[in-house]
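Printed here is entry-v8.cif (mmCIF, C-alpha atoms):
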```
data_entry
#
loop_
_atom_site.label_atom_id
_atom_site.label_comp_id
_atom_site.auth_asym_id
_atom_site.auth_seq_id
_atom_site.Cartn_x
_atom_site.Cartn_y
_atom_site.Cartn_z
CA SER A 53 101.75 101.82 88.66
CA PRO A 54 101.33 99.89 85.37
CA ARG A 55 97.75 99.09 84.42
CA GLY A 56 98.38 96.02 82.28
CA PHE A 57 99.79 92.51 82.60
CA VAL A 58 100.18 89.31 80.58
CA ASP A 59 98.62 86.11 81.96
CA SER A 60 100.06 82.59 81.78
CA ASN A 61 98.56 82.11 78.31
CA GLY A 62 100.23 85.22 76.93
CA THR A 63 96.98 87.20 76.84
CA SER A 64 97.19 90.91 77.64
CA LYS A 65 94.73 92.01 80.32
CA ASN A 66 93.96 95.06 82.41
CA ARG A 67 95.73 95.08 85.74
CA PRO A 68 93.18 95.51 88.56
CA PHE A 69 93.39 98.21 91.17
CA GLY A 70 94.62 97.19 94.62
CA LEU A 71 98.06 95.95 93.53
CA GLY A 72 101.58 97.33 93.59
CA GLY A 73 101.39 101.09 93.95
CA ASP A 74 97.81 100.76 95.23
CA ILE A 75 98.98 98.28 97.94
CA GLY A 76 95.64 96.45 98.02
CA PHE A 77 94.44 98.88 100.66
CA GLY A 78 90.76 98.04 100.32
CA GLY A 79 91.55 94.38 100.99
CA ALA A 80 93.66 95.22 104.03
CA VAL A 81 90.80 97.22 105.54
CA GLY A 82 88.44 94.38 104.65
CA VAL A 83 90.57 91.91 106.62
CA LEU A 84 90.17 94.11 109.70
CA ALA A 85 86.45 94.50 109.01
CA VAL A 86 85.81 90.74 108.80
CA THR A 87 86.50 90.12 112.48
CA ALA A 88 84.93 93.46 113.44
CA ALA A 89 81.73 92.33 111.72
CA ILE A 90 81.74 89.05 113.63
CA ALA A 91 82.19 90.99 116.88
CA LEU A 92 79.23 93.22 116.05
CA LEU A 93 77.05 90.19 115.37
CA THR A 94 78.04 88.92 118.80
CA THR A 95 77.32 92.10 120.78
CA VAL A 96 74.33 93.88 119.19
CA ARG A 97 70.67 93.27 119.88
CA ALA A 98 68.83 90.67 117.81
CA ARG A 99 66.99 93.18 115.59
CA TRP A 100 70.30 94.54 114.28
CA ARG A 101 71.92 91.24 113.36
CA ILE A 102 70.32 90.73 109.94
CA PRO A 103 71.20 94.26 108.69
CA ILE A 104 74.76 93.86 110.01
CA ALA A 105 75.08 90.41 108.42
CA ILE A 106 74.00 91.85 105.07
CA LEU A 107 76.38 94.81 105.34
CA SER A 108 79.18 92.47 106.43
CA ILE A 109 79.18 91.02 102.92
CA GLY A 110 80.87 94.30 101.98
CA ALA A 111 83.91 93.34 104.05
CA VAL A 112 84.29 90.09 102.12
CA VAL A 113 83.75 91.88 98.80
CA ALA A 114 86.42 94.43 99.75
CA VAL A 115 88.93 91.63 100.26
CA LEU A 116 87.99 89.90 97.01
CA THR A 117 88.00 92.99 94.81
CA SER A 118 91.43 94.03 96.05
CA GLU A 119 92.75 91.35 93.66
CA ALA A 120 95.52 90.74 96.21
CA ARG A 121 95.93 87.05 96.97
CA THR A 122 97.67 87.90 100.22
CA GLU A 123 94.52 89.61 101.50
CA ILE A 124 92.38 86.57 100.69
CA ILE A 125 94.66 84.34 102.76
CA CYS A 126 94.87 86.95 105.54
CA GLY A 127 91.07 87.20 105.72
CA ILE A 128 90.74 83.44 106.13
CA ILE A 129 93.48 83.32 108.78
CA ALA A 130 91.90 86.24 110.68
CA ALA A 131 88.53 84.45 110.81
CA ILE A 132 90.20 81.21 111.95
CA ALA A 133 92.19 83.12 114.58
CA TYR A 134 88.98 84.70 115.86
CA GLY A 135 87.54 81.20 116.25
CA GLY A 136 90.65 80.08 118.10
CA LEU A 137 90.62 83.11 120.39
CA TRP A 138 86.93 82.48 121.06
CA ILE A 139 88.02 79.28 122.81
CA THR A 140 90.60 81.03 125.00
CA SER A 141 88.53 84.18 125.64
CA ARG A 142 85.44 82.51 127.15
CA LEU A 143 83.05 84.23 124.74
CA GLY A 144 80.29 81.62 124.95
CA THR A 145 77.98 79.86 122.49
CA LYS A 146 76.57 83.12 121.13
CA ALA A 147 79.99 84.16 119.89
CA LEU A 148 80.59 80.75 118.36
CA LEU A 149 77.36 81.01 116.38
CA SER A 150 78.48 84.39 115.08
CA VAL A 151 81.81 82.90 113.98
CA VAL A 152 79.98 80.10 112.16
CA ALA A 153 77.61 82.62 110.54
CA GLY A 154 80.57 84.67 109.41
CA PHE A 155 82.19 81.63 107.79
CA VAL A 156 78.92 80.76 106.02
CA VAL A 157 78.59 84.26 104.56
CA ALA A 158 82.26 84.34 103.52
CA ALA A 159 82.09 80.84 102.02
CA ALA A 160 79.04 81.79 99.98
CA VAL A 161 80.70 84.90 98.54
CA VAL A 162 84.01 83.12 97.91
CA GLY A 163 82.11 80.25 96.26
CA VAL A 164 80.69 82.63 93.69
CA VAL A 165 84.17 83.97 93.01
CA VAL A 166 85.78 80.54 92.67
CA ALA A 167 83.07 79.57 90.18
CA ASN A 168 84.20 82.47 87.99
CA THR A 169 87.97 82.17 88.32
CA GLU A 170 88.65 80.46 85.00
CA SER A 171 87.48 83.23 82.70
CA GLY A 172 86.07 85.96 84.92
CA SER A 173 87.46 89.01 86.64
CA PHE A 174 88.86 86.89 89.47
CA SER A 175 91.06 84.60 87.38
CA ARG A 176 94.01 85.85 89.44
CA TYR A 177 92.77 83.64 92.29
CA GLU A 178 93.13 80.39 90.33
CA SER A 179 96.45 79.78 92.10
CA ILE A 180 94.91 79.79 95.63
CA THR A 181 91.67 77.84 95.17
CA SER A 182 92.89 75.06 97.47
CA PRO A 183 95.10 75.02 100.60
CA SER A 184 97.91 73.13 98.83
CA ALA A 185 97.78 75.50 95.86
CA ALA A 186 97.85 78.52 98.17
CA VAL A 187 100.91 77.20 100.02
CA SER A 188 102.81 76.38 96.83
CA THR A 189 101.89 79.74 95.27
CA ALA A 190 103.00 81.64 98.37
CA TYR A 191 106.30 79.76 98.43
CA GLU A 192 106.99 80.25 94.73
CA TYR A 193 105.95 83.91 94.86
CA ARG A 194 108.02 84.82 97.92
CA SER A 195 110.81 82.24 98.01
CA GLY A 196 113.23 84.59 96.27
CA VAL A 197 112.72 87.52 98.62
CA ILE A 198 112.65 85.31 101.74
CA ALA A 199 115.98 83.82 100.64
CA ASN A 200 117.39 87.34 101.08
CA VAL A 201 116.68 87.33 104.83
CA PRO A 202 119.79 85.34 105.89
CA LYS A 203 121.78 87.03 103.15
CA TYR A 204 120.91 90.54 104.36
CA ALA A 205 121.43 89.51 108.00
CA VAL A 206 125.07 88.81 107.11
CA GLU A 207 125.65 91.64 104.62
CA ILE A 208 123.85 94.49 106.43
CA PRO A 209 123.49 93.42 110.10
CA PHE A 210 123.06 97.07 111.15
CA GLY A 211 120.72 97.98 108.32
CA GLY A 212 121.03 99.53 104.88
CA GLY A 213 119.90 103.06 105.72
CA PHE A 214 116.74 104.67 107.12
CA GLY A 215 114.19 105.48 104.44
CA SER A 216 116.27 103.92 101.68
CA LYS A 217 113.40 101.59 100.67
CA GLY A 218 109.64 101.55 101.09
CA PRO A 219 107.50 104.72 100.89
CA ALA A 220 110.34 107.01 101.98
CA GLY A 221 112.63 105.50 99.35
CA SER A 222 110.46 106.90 96.54
CA PHE A 223 111.53 110.47 97.35
CA GLY A 224 114.51 112.08 95.74
CA GLY A 225 117.82 112.64 97.50
CA GLY A 226 120.24 110.26 99.10
CA GLU A 227 121.85 107.23 97.55
CA ALA A 228 119.48 104.64 96.06
CA ASN A 229 120.12 100.96 96.70
CA ARG A 230 118.98 97.80 94.98
CA LEU A 231 118.01 95.87 98.11
CA ASN A 232 114.69 94.00 98.02
CA ALA A 233 112.13 95.30 100.53
CA GLU A 234 109.19 93.27 99.21
CA SER A 235 108.68 91.47 102.53
CA GLU A 236 108.42 92.65 106.12
CA PRO A 237 111.60 90.79 107.24
CA THR A 238 113.76 92.19 104.45
CA PHE A 239 112.29 95.67 104.86
CA LEU A 240 113.04 95.62 108.58
CA LEU A 241 116.57 94.35 107.97
CA ILE A 242 117.18 97.22 105.57
CA GLU A 243 115.68 99.81 107.93
CA VAL A 244 116.77 98.68 111.39
CA GLY A 245 119.07 95.67 110.96
CA VAL A 246 119.04 92.32 112.73
CA ILE A 247 118.34 93.76 116.18
CA GLY A 248 115.31 95.67 114.89
CA LEU A 249 113.95 92.59 113.12
CA LEU A 250 114.36 90.46 116.25
CA LEU A 251 112.68 93.11 118.41
CA MET A 252 109.72 93.34 116.04
CA VAL A 253 109.32 89.55 115.95
CA ALA A 254 109.53 89.44 119.75
CA PHE A 255 106.96 92.25 120.00
CA ASN A 256 104.51 90.33 117.80
CA LEU A 257 105.04 87.10 119.71
CA ARG A 258 104.33 89.04 122.90
CA LEU A 259 101.07 90.33 121.41
CA PHE A 260 100.08 86.78 120.43
CA TYR A 261 100.79 85.58 123.96
CA LEU A 262 98.80 88.39 125.58
CA SER A 263 95.89 87.81 123.19
CA MET A 264 95.70 84.13 124.09
CA THR A 265 96.23 84.45 127.83
CA ARG A 266 95.04 87.87 129.08
CA ILE A 267 91.81 88.68 127.21
CA ARG A 268 90.00 85.80 128.90
CA TRP A 269 90.47 87.39 132.34
CA ILE A 270 88.84 90.75 131.49
CA PRO A 271 85.57 90.87 133.48
CA ASP A 272 83.41 92.67 130.90
CA ARG A 273 82.25 90.28 128.16
CA GLU A 274 81.72 92.96 125.48
CA THR A 275 85.27 94.21 126.01
CA ARG A 276 86.56 90.65 125.57
CA VAL A 277 84.63 90.32 122.30
CA LEU A 278 85.94 93.61 120.90
CA LEU A 279 89.54 92.93 121.93
CA THR A 280 89.31 89.49 120.32
CA ALA A 281 88.19 91.16 117.07
CA ILE A 282 91.25 93.45 117.23
CA ALA A 283 93.66 90.65 118.16
CA ALA A 284 92.61 88.13 115.49
CA PRO A 285 93.93 90.13 112.48
CA LEU A 286 97.34 90.33 114.20
CA PHE A 287 97.80 86.63 113.48
CA ALA A 288 96.91 87.20 109.82
CA LEU A 289 99.27 90.15 109.48
#
```
For this file, produce the structure as structure tokens.
Amino acid sequence: SPRGFVDSNGTSKNRPFGLGGDIGFGGAVGVLAVTAAIALLTTVRARWRIPIAILSIGAVVAVLTSEARTEIICGIIAAIAYGGLWITSRLGTKALLSVVAGFVVAAAVVGVVVANTESGSFSRYESITSPSAAVSTAYEYRSGVIANVPKYAVEIPFGGGFGSKGPAGSFGGGEANRLNAESEPTFLLIEVGVIGLLLMVAFNLRLFYLSMTRIRWIPDRETRVLLTAIAAPLFAL
């Protein structure tokens, strides 16, 4: 993918890895690792907590260096979801302290980044340095593609062809189309139509429901902690 871009001031800059063709993969793994790190802090013996806390900074750094604003927001939502699931999963005070510790570590690392957004390597994050800015940026960035959801639901209710967009669409053969697959809803509409989109939404809602209502009844506490760490990123995704 292209390795250059022009910022809002018309200045040419290098385009960081973790975007476009690189899909921000390091940040996506980091989002999963954030809640996994909190779970480890909750379950390991005391002598291991400081080393794990130090190594957990790597998860936050992975998210930040992806240069993908989506991953930053997902990481925050995953941590908040873990805190919310802590309430429903009966994880106790120890788990709450781990959640708080995780937020402190993340806030410290993010604080350093925010302090260097104006002229540093993380200037891309200027547009999400506050909740209101993040919401407006997300809307402006995705409003065009999201507007295609009702349009595609009418135009291609049964889909636009398997493998016509996304990773499979980059291979030769078949008839190319100009449909926009830059969001999960539009990609699903193109691949599997309205029914497929509705089934996927229903599947995710079912996972949310099970996470909030069933984990709490598992007898083994460690299993509850680990399942909570797996469930929390689902809300971010």
- Query: Looking at A:Leu107, A:Ala288, A:Ile242, A:Leu84, which one is nearest to Asn256 in chain A, with distances taken over only C-alpha atoms?
  - Reply: A:Ala288
- Message: Residues within 12 Å of Arg194 in chain A, please, as a VMD selection string. Count only C-alpha atoms; anything in the same chain fewer than 3 positions from it doesn't count.
- Response: chain A and resid 122 186 to 191 197 to 201 232 to 238
Can you turn the PyMOL selection byres ((chain A and resi 260-272) around 12) into a concrete residue list for this file, as a PDB file with C-alpha atoms, in the frame of the given file?
```
ATOM      1  CA  THR A  95      77.320  92.100 120.780  1.00  0.00           C
ATOM      2  CA  ALA A 133      92.190  83.120 114.580  1.00  0.00           C
ATOM      3  CA  TYR A 134      88.980  84.700 115.860  1.00  0.00           C
ATOM      4  CA  GLY A 135      87.540  81.200 116.250  1.00  0.00           C
ATOM      5  CA  GLY A 136      90.650  80.080 118.100  1.00  0.00           C
ATOM      6  CA  LEU A 137      90.620  83.110 120.390  1.00  0.00           C
ATOM      7  CA  TRP A 138      86.930  82.480 121.060  1.00  0.00           C
ATOM      8  CA  ILE A 139      88.020  79.280 122.810  1.00  0.00           C
ATOM      9  CA  THR A 140      90.600  81.030 125.000  1.00  0.00           C
ATOM     10  CA  SER A 141      88.530  84.180 125.640  1.00  0.00           C
ATOM     11  CA  ARG A 142      85.440  82.510 127.150  1.00  0.00           C
ATOM     12  CA  LEU A 143      83.050  84.230 124.740  1.00  0.00           C
ATOM     13  CA  GLY A 144      80.290  81.620 124.950  1.00  0.00           C
ATOM     14  CA  VAL A 253     109.320  89.550 115.950  1.00  0.00           C
ATOM     15  CA  ALA A 254     109.530  89.440 119.750  1.00  0.00           C
ATOM     16  CA  PHE A 255     106.960  92.250 120.000  1.00  0.00           C
ATOM     17  CA  ASN A 256     104.510  90.330 117.800  1.00  0.00           C
ATOM     18  CA  LEU A 257     105.040  87.100 119.710  1.00  0.00           C
ATOM     19  CA  ARG A 258     104.330  89.040 122.900  1.00  0.00           C
ATOM     20  CA  LEU A 259     101.070  90.330 121.410  1.00  0.00           C
ATOM     21  CA  ARG A 273      82.250  90.280 128.160  1.00  0.00           C
ATOM     22  CA  GLU A 274      81.720  92.960 125.480  1.00  0.00           C
ATOM     23  CA  THR A 275      85.270  94.210 126.010  1.00  0.00           C
ATOM     24  CA  ARG A 276      86.560  90.650 125.570  1.00  0.00           C
ATOM     25  CA  VAL A 277      84.630  90.320 122.300  1.00  0.00           C
ATOM     26  CA  LEU A 278      85.940  93.610 120.900  1.00  0.00           C
ATOM     27  CA  LEU A 279      89.540  92.930 121.930  1.00  0.00           C
ATOM     28  CA  THR A 280      89.310  89.490 120.320  1.00  0.00           C
ATOM     29  CA  ALA A 281      88.190  91.160 117.070  1.00  0.00           C
ATOM     30  CA  ILE A 282      91.250  93.450 117.230  1.00  0.00           C
ATOM     31  CA  ALA A 283      93.660  90.650 118.160  1.00  0.00           C
ATOM     32  CA  ALA A 284      92.610  88.130 115.490  1.00  0.00           C
ATOM     33  CA  PRO A 285      93.930  90.130 112.480  1.00  0.00           C
ATOM     34  CA  LEU A 286      97.340  90.330 114.200  1.00  0.00           C
ATOM     35  CA  PHE A 287      97.800  86.630 113.480  1.00  0.00           C
ATOM     36  CA  ALA A 288      96.910  87.200 109.820  1.00  0.00           C
ATOM     37  CA  LEU A 289      99.270  90.150 109.480  1.00  0.00           C
TER      38      LEU A 289
END
```
- Would you mind listing what lies within 9 Å of Leu92 in chain A as a list in words, with all atoms listed in the file counted and same-chain residues fewer than 2 positions away left out?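 Near neighbours after the sequence-gap exclusion: Thr87, Ala88, Ala89, Ile90, Thr94, Thr95, Val96, Arg101, Ile104, Ser150, Val277 and Leu278 of chain A.
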- Item | For CA of Glu123 in chain A and CA of Val83 in chain A, the interatomic separation in Å (one decimal) | 6.9 Å
- Using CA of Gly78 in chain A and CA of Pro219 in chain A as the two end points, give the distance in Å to one decimal. 18.0 Å
- Query: From the list A:Ala130, A:Leu116, A:Ile106, A:Val244, which residue is nearest Phe77 in chain A when using only C-alpha atoms?
  - Reply: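 Nearest to Phe77 in chain A: A:Leu116.
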- Query: What does the distance between CA of Tyr193 in chain A and CA of Val58 in chain A come to in Å, to one decimal place?
  - Reply: 16.3 Å
- Task: Evaluate the PyMOL selection byres ((chain A and resi 246) around 12) here and jot the selected residues down as a list of chain:residue names.
- Result: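 After applying the PyMOL selection byres ((chain A and resi 246) around 12), what remains is A:Val201, A:Pro202, A:Lys203, A:Tyr204, A:Ala205, A:Val206, A:Glu207, A:Ile208, A:Pro209, A:Phe210, A:Gly211, A:Gly212, A:Pro237, A:Thr238, A:Phe239, A:Leu240, A:Leu241, A:Ile242, A:Glu243, A:Val244, A:Gly245, A:Ile247, A:Gly248, A:Leu249, A:Leu250, A:Leu251, A:Met252, A:Val253.
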As lines of an AutoDock Vina configuration file: centre and edge lengths in Å, one decimal, of the axis-aligned box holding range 282-285 of chain A with 8 Å per side:
```
center_x = 92.6
center_y = 90.8
center_z = 115.3
size_x = 18.7
size_y = 21.3
size_z = 21.7
```
